[in-house]
Structure formats: structure tokens, C-alpha cells
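S.K.: Okay, here's the structure, questions in a sec.
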Amino acid sequence: MFHRIGRAVVRHPLWTIVAWVFVAAAVVATAPSLPSSSDQSSFLPKSYESIQAAELQQSAFPSSFTPSAIVLYSRADGGKLSPDDLKAAANITTQLGAKKIDQVEQVVPGPPSKDGRYVMGLVSMNDATAGQPKQMDAAKALRNDAKELTKGTALDARLGGSAAQGLDQQESSNRANVLTFVGTFAIILITLLIIFRSPILAVLPLLVLLALVSTTANALIADASKLFGLEANSSISALLIVVLLGVGTDYYLFLMFRYRERLRAGDEPKQAMINAVGRVGEAIASAAGAVMISFLALLLSTLGFLKQMGPALAISVAVTLIAALTLFPAICSLIPPRALFWPSKAWQKEPTNARFAALGRGVQRRPGLYAAVSGIIMVALALGTLGFKATFDLAAGSMPDTKESMVVQTEMQSAYSAGAAEPTSVLVTSGSAIDQAALPAYEKKLAAVDGVADVAPAALSKDGKTANITVTLKYGSATDKALEVISDVRQVAHAEAPPNTKALVGGMTSIFKDINAAVNHDYRTVFPLAALLIMVILGLLLRSVVAPWYLMASVGLGFAATLGATVLIFQKGQGHSGLMFMLPVIMYLFVVAIGTDYNILMISRLREEAREGREPREAASMAVRHAGPTVAAAGFILAATFATLMLAGNSLLTEMGFAVSFGIVVAAFVMAMFFTPALTALIGHAAWWPGAQDRKPPTQHAQAEERELDLSAKS
């Protein structure tokens, strides 16, 4: 199949390129704009209590609101607010409401802080646009207008709350995208120049990936988002850049290393490219299939963020795969090797590969030692997973603490109760009018929960069937202590609700609690399904029942080592309270899928060497010698590109960048280079049971000789 693809592309390179340009132009021209959301409540389905509470609150109390934005007033000199200052703040709040900013429904005065240094203006926005660009535009207008109105007064006005955090997160994400793109581009360009010593081979994949592959993938992602009603979170865009350039360059390397090898073996250039596609195409397709299936497994997630991310990443990898098998071979086949590899002449002769040959000989002589040492290293790192803790503050995780909305959040937590910015709502509802006499005792029981700072008297809906009790916690909404307290609040709210009523607990802390439950659900469903599907791909590729088991076990061990190292670095080393809650899921998918990529490349080469008639240990040695440079180069480039996420300046992408890049290093330089070939050498022919994929297929001549020998023996 892949030989046929290579033959068709190489014989008709111009038509292949024209087809790519035409399809890319058509897809881009017809694609809609890509919607984006930073509303954390949209992560969850309606079956969760926090979402049900939000819907009940909106229907029963349409005029009440949880602030979408908060204007925090303070004196410029840091002193206490005077009566005149309070009057000026109230006047500015009124003027902001009178401006009728799009999406802003009302702006009302809020309470002063206990220390007298702050006072709030509470902003209600259209709930239907929560997290959308319209609301971010409204936050930007509010911020600018508030600063303009404080001129000539002793006051400073700063904007916080979810809408302002969405705006700051978007701006931080744009900066992260630029830094990630520049860093990724530079790393790939420099590394390819070092590997090939050819400017054409270094620049070619970047131009192709950016000009055609990236634009096509983004347009298809927009089409899919519109078709299935998905939204893209702003954090995904930086990840897409890295995936597309990093994975695309990896597949390009797989192809070009094999092309160069066939040229050195004496193949005519066009035939060398056909053979390269034919020999490495199955490995590339299987590797890409493993990655895509892992990403598509996210569709089973209950979290909107991950459900949106999965198809987007899968589409990027799919388009990259097609480019690796068609566009790259077509372009390279048009350029004579002397020009393509210019000014280097190293492509003409087979290098000794002394370093990788020595590693291969080591694996051949002592496979047990290599397997044991690499396994012990991964097990030791995996012990760090025992200290893993999750954190749910996406706003703090996705932008620096110096952003205005984060400064407001920090100051509010010290001046007011830490939970004042995002209070908890306990909604009590009934099919008939609620007995108001029972509410004060209920409120006292809620106030008695350890960790509750204040409970406001209940507000009744117009029909008298729903009561809204505002509960303020002592801790910030995303902290571990707040999540513990909200569990107790829910327990008391449900158990002590007045007769014939039902209680629902809402608010951001309740949402975070439900997100925690959703993540645990994903651990039980997404992880096993992704592993099972990857094992099916490995089984089909290798025609073996045995090999997929130990290959997936090695990848799973690599994931555990990666998570353990990330815990040790960030939680133990840097003192983080926890890792971002979705990090293990993302890490699992990248490390498992991409780790499988390198295992596939190595095991495919090992099988190829075995089919040449080599015994298992010798085949492992030759696989390390020939596939080792490709795995090392691809692993370095992909790890370095993911490491550029650490330039973004926020903890979410920093943790993600370190974790995935470290996982790729483990996958390439520990698993694929040593652990997998050493295990395969130890297991021997049994690794390919029930097939005989490592046995040399008998030629017709050999079969004829065997028949003659049989006849001679019988006579």
C-alpha cells in the first residue's frame, strides 16, 4: 500500500503539490471563524450539581447575579477610604452603569472592606456570553472607562473577576503563542541544520508546515468546531503550534533519514524516495494512528476543555500524516539530491555510526542489564507520583500573578474573606411555597460548618418556591481547603434541608469540586480506552499478541516516571500546592501516544532486521544502530519544541511543557533506545507470537532448493 502511495506521489509530484494547494485554499476560504471560551462552568455537563444550581439560580432569581467583573477601588496612596472617597467610588460605579457597555447589564455598588481600604463595584454581564470574546471586549471597555473616570480623584480603579481574568488570560495566551512559535521555529531550524548541514532540508519542513499544513489544519478544526458545537480554549492554540510543528518535523525526519539511507544503498533518487515511503510509511501511519486515537479518546471526557482539545489535536496530526506521506515526498523528489543536501556531501556515504553501533552492541551482549537499569530508573522516578496533588485555579495557572485581575484577586483575598470574590450559593427549592420560618435554623447549620466565614439571610424568589442563601468561605474558591469545605457544605445542605425541599450548592468552588469528580471519571475511562486502542494498533502492525503488552507496559511506566518527575520538580522542588488538574490526562495522552511512536519506529526496524535473517539479539543491535539516530533526533526536536511552552510565563503551560518534554526524553532515550530493544532481545522469537513476523520470508529460489533436497532425501 505505502509503496503504491510513494510511487503515485513521486511519479506525479507537480499534481500532488497542486492538489494540496487547491484543497488548502478551498478549505481555508470556506472555514468559519474559530470560537473560543474561557468560561470554566462550560467545562461540565448539566448532570453535575453545580451546573444545576447555576441554572436554577438564573431562572428563579433573574435580577440577582454572581458578579462577572468586580471594580476594586482603593486610594492611590494606599490609605483608608474617606467618606468623600466612598462617595466618589459610588459615583464612578453609577457612571459605568450609565455607559450601557455592550454585554453589561448592571453595575451596582458593593460593600467596603473591613479594613476600610477598599470598596467594590459589582458588574453583571450577559450569562449567555460568559467566557466569549464579546464579554472580554466588555471587560476591556470597563477597565479603560474606570481608569478614565478616576482621573482627578484620589482613587485607583482596577478590574477583576471572571470576565477580567478571561481578558488577561487571552492577552497572556497571545504572548505565549508568539514566544512558543518563535522558540519552536528556532529550535527546529537550528537542529535540522546541525543534522543535515543543508539549508534547504532545514527550511523546507517549516515552510511546508506553516504555509499549507497549519492553515489547512486550523481551517478543518474550525469546520469541526462549528459542525459539532465545540469551542476552543485559549490555552489550546499554543499547544497546537507545538504539536503541528513538532510532530510534523518528526515524521519528516523519519522519511528523510530513510530516503538518505536508500540513496547510500545505491537506489536511483526517485526509486529511493518510493522505497523510503514504502518502508517507513507503515511506521509513520501507525504512529500517527496511535496519537490520533489517543486524542480522540478525549471525546469521552466529561470536561468540555478536554473534549474540545481532542478533535483539534487529532485533526492536526491527521493533516500532518497526509503531508508526510504525500507532500514532503513530492517536493523532495523534484529536487536532485545534490541540490537537496547541498552543501553537505555526507549523504553519499554510509557513516560508521560508531556511537549508536556501540550502544547496539551493548544491547546485544547484555540485554538483561540494559532492560534492568532503564527499568529501575523509570520505577524510581515513578515513586514521585505518590505525592501528586491537583489544583483547579485555571486563571492563576494560565497567566502571571502580575496581571491586573490576579492582583485584584490577591488584594480581595486579604481585604475581604478569601471567598468573597466568588461566594457559594445554596439554593433551596420546593414544588410549593417554602416555609420561611425554617430557614434561619437552616442558615445557622450552614454557618456552623468549619471553614464558612459568613452566611447571608436567604433571599426568596418571586413565587416563593426557591430560597438563595449566600455562603462565604474562608478560603479562595480554587484552594484545596475550599474544596474540602464545600464537601461539608454540600453534606449539611442536603441532609438538613427543610422538609419537602431540595438543596443545590452552586458557585465556583462547587464547580471546581465537580471538575475534580469529572477528572476522576476520565482517569477511569479515557486512560484505559486509549491504552486498549493503541494496543490494537500495535497488534495489527506487528501481527503479534505478545509484543503490544510489553510495549504498552513500558510506555505506561514511562508515563508514571514522567508524572513522578513533574511532582518532584514542581511540588517538592518549587513548592507548588499542586499540579494543574488536567495535566495527568494531557501528559498521559502525549507521553503514551508519542512514546508509542518511537517504540513503533524502533520495533519496526528491529522486525525488518530480523527478516533479513538475524537472530533476536543481533536484530536488536542493528535496530539501535540504524533507527537510533532517527529516534534521537526526532526525540530531541519534539522535546525541545514542547519545552518552549515553558517560555509562556504561566504555570499551566510551564508544567505542561516540562512534563511532556521530559516524557518524550524518557520515551526516546530510555524506552525506545534501550528498554524496548533489550526486552525484545530477551523475549526472542516469542515476542512475535502467534505470527512469525521476525522470520525471513523464504524466496522462490530457496523454496525450490528445499523441494529438491526433500526429493533427494526421499530417493
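By order in the C-alpha cells, chains are A, B, ...; within a chain, residues start at 1; ligands start at 1, following the order shown.
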At a cut-off of 12 Å, using only C-alpha atoms, what residues contact Glu422 of chain A? Leave out same-chain residues fewer than 3 positions from it and give the result as a PyMOL selection string.
M.R.: chain A and resi 65-70+122+160-162+409+412-413+416-419+425+470-478+482+506-512
S.K.: So which one's closest to Ile586 of chain A, A:Arg611, A:Glu404, A:Leu679, A:Ser294? Using only C-alpha atoms, please.
M.R.: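 The closest residue to Ile586 of chain A is A:Ser294.
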S.K.: Can you list, as a list of chain:residue names, every protein, DNA or RNA residue that comes within 7 Å of Phe2 of chain A when you count only C-alpha atoms, leaving out same-chain residues fewer than 3 positions away?
M.R.: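 So, after excluding close chain neighbours, the residues are A:Ile5, A:Gly6, A:Val277, A:Gly278, A:Gly281, A:Glu282.
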S.K.: Once you have the residues from the selection above, write them out as a compact mmCIF listing (two decimals), in the first residue's frame, restricted to C-alpha atoms.
M.R.:
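Heads up, here's the output in out-v2.txt:
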# COMPACT_ATOMS: atom_id res chain seq x y z
CA ILE A 5 1.38 5.75 -2.43
CA GLY A 6 5.07 6.56 -2.80
CA VAL A 277 7.78 5.91 1.70
CA GLY A 278 7.15 2.18 1.30
CA GLY A 281 5.15 4.68 5.69
CA GLU A 282 3.63 1.90 7.79
S.K.: What's around Val666 of chain A at 12 Å? Count only C-alpha atoms, leave out sequence neighbours fewer than 4 positions away in its own chain, and write the answer as number ranges by chain.
M.R.: A: 374-375, 377-379, 381-382, 554-563, 565, 591-592, 594-596, 598-599, 631-632, 635-636, 639, 659-662, 670-676
S.K.: Restricting the calculation to only C-alpha atoms: of A:Pro528, A:Pro83, A:Pro498, A:Pro45, which residue gets closest to Leu427 of chain A?
M.R.: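 Ranked by minimum distance to Leu427 of chain A, first place goes to A:Pro498.
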S.K.: Hey, what's within 12 Å of Leu298 of chain A if we count only C-alpha atoms and toss same-chain stuff fewer than 6 positions away? As number ranges by chain, please?
M.R.: A: 291-292, 304-314, 519, 521-523, 525-530, 582, 585-586, 588-590
S.K.: Would you please work out which residue, of A:Ser405, A:Leu244, A:Ala633, A:Val107, is nearest to Met256 of chain A when using only C-alpha atoms?
M.R.: A:Ala633
S.K.: Fewer than 2 positions away in the same chain doesn't count, so skip those; otherwise give me all residues within 6 Å of segment 387-390 of chain A, counting only C-alpha atoms, as a ChimeraX atom specification.
M.R.: /A:384-385,567,578-581
S.K.: Pull N, CA and C atoms from the residues just selected and write them as a compact mmCIF listing (two decimals), in the first residue's frame.
M.R.:
# COMPACT_ATOMS: atom_id res chain seq x y z
N GLY A 384 7.55 9.21 42.63
CA GLY A 384 7.12 10.58 42.90
C GLY A 384 5.63 10.80 42.72
N THR A 385 4.96 9.90 41.98
CA THR A 385 3.52 10.06 41.76
C THR A 385 2.73 9.94 43.06
N VAL A 567 6.05 15.96 39.60
CA VAL A 567 5.68 16.20 41.01
C VAL A 567 6.92 16.61 41.81
N GLY A 578 0.02 22.19 44.07
CA GLY A 578 -0.39 21.04 43.28
C GLY A 578 -0.13 21.30 41.81
N LEU A 579 -0.35 20.29 40.98
CA LEU A 579 -0.24 20.43 39.54
C LEU A 579 -1.63 20.70 38.97
N MET A 580 -1.69 21.37 37.82
CA MET A 580 -2.98 21.66 37.21
C MET A 580 -3.76 20.37 36.98
N PHE A 581 -5.04 20.41 37.28
CA PHE A 581 -5.85 19.19 37.38
C PHE A 581 -5.87 18.37 36.09
S.K.: Which is closest to Glu496 of chain A among A:Leu542, A:Val428, A:Ala53, A:Ala668, if we use only C-alpha atoms?
M.R.: A:Val428
S.K.: Could you name the residues that touch segment 18-35 of chain A at 6 Å or less, counting only C-alpha atoms, but leaving out those on the same chain fewer than 4 positions away, as a PyMOL selection string?
M.R.: chain A and resi 216+219+222-223+231
S.K.: May I have the selected residues written with C-alpha atoms, as an mmCIF file, in the first residue's frame?
M.R.:
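And here is the file that came out, part_8.cif:
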data_model
loop_
_atom_site.group_PDB
_atom_site.id
_atom_site.type_symbol
_atom_site.label_atom_id
_atom_site.label_comp_id
_atom_site.auth_asym_id
_atom_site.auth_seq_id
_atom_site.Cartn_x
_atom_site.Cartn_y
_atom_site.Cartn_z
ATOM 1 C CA THR A 216 -5.380 23.563 6.381
ATOM 2 C CA ALA A 219 -9.465 25.596 8.915
ATOM 3 C CA ALA A 222 -12.861 25.475 12.705
ATOM 4 C CA ASP A 223 -15.163 23.387 10.476
ATOM 5 C CA GLU A 231 -15.273 25.734 21.414
#
S.K.: Calculated over only C-alpha atoms, which of the candidates A:Ile187, A:Ala287, A:Leu86, A:Leu340 has the smallest distance to Met602 of chain A?
M.R.: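 Looking only at the distances to Met602 of chain A, the closest residue turns out to be A:Ala287.
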S.K.: Using only C-alpha atoms, pick whichever of A:Ala497, A:Ala643, A:Leu207, A:Ala76 has the shortest atom-to-atom distance to Lys147 of chain A.
M.R.: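 The answer is A:Ala76, which sits nearest to Lys147 of chain A.
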S.K.: Using only C-alpha atoms, tabulate the residues of segment 239-290 of chain A lying at most 12 Å from any atom of segment 332-337 of chain A, each with its closest atom pair and that distance in Å to one decimal, by chain and increasing residue number, as a Markdown table.
M.R.:
| residue | atom | partner | partner_atom | distance |
| --- | --- | --- | --- | --- |
| A:Tyr252 | CA | A:Cys332 | CA | 10.8 |
| A:Leu255 | CA | A:Cys332 | CA | 10.5 |
| A:Met256 | CA | A:Cys332 | CA | 9.1 |
| A:Tyr259 | CA | A:Cys332 | CA | 9.8 |
| A:Arg260 | CA | A:Pro337 | CA | 9.0 |
| A:Arg262 | CA | A:Pro337 | CA | 11.8 |
| A:Leu263 | CA | A:Pro337 | CA | 8.7 |
| A:Arg264 | CA | A:Pro337 | CA | 11.1 |
| A:Asp267 | CA | A:Pro337 | CA | 11.7 |
| A:Glu268 | CA | A:Pro337 | CA | 10.1 |
| A:Pro269 | CA | A:Pro337 | CA | 7.0 |
| A:Lys270 | CA | A:Ser333 | CA | 6.1 |
| A:Gln271 | CA | A:Ser333 | CA | 9.4 |
| A:Ala272 | CA | A:Ser333 | CA | 9.3 |
| A:Met273 | CA | A:Ser333 | CA | 6.9 |
| A:Ile274 | CA | A:Ser333 | CA | 9.2 |
| A:Ala276 | CA | A:Ser333 | CA | 11.3 |
| A:Val277 | CA | A:Ser333 | CA | 11.5 |
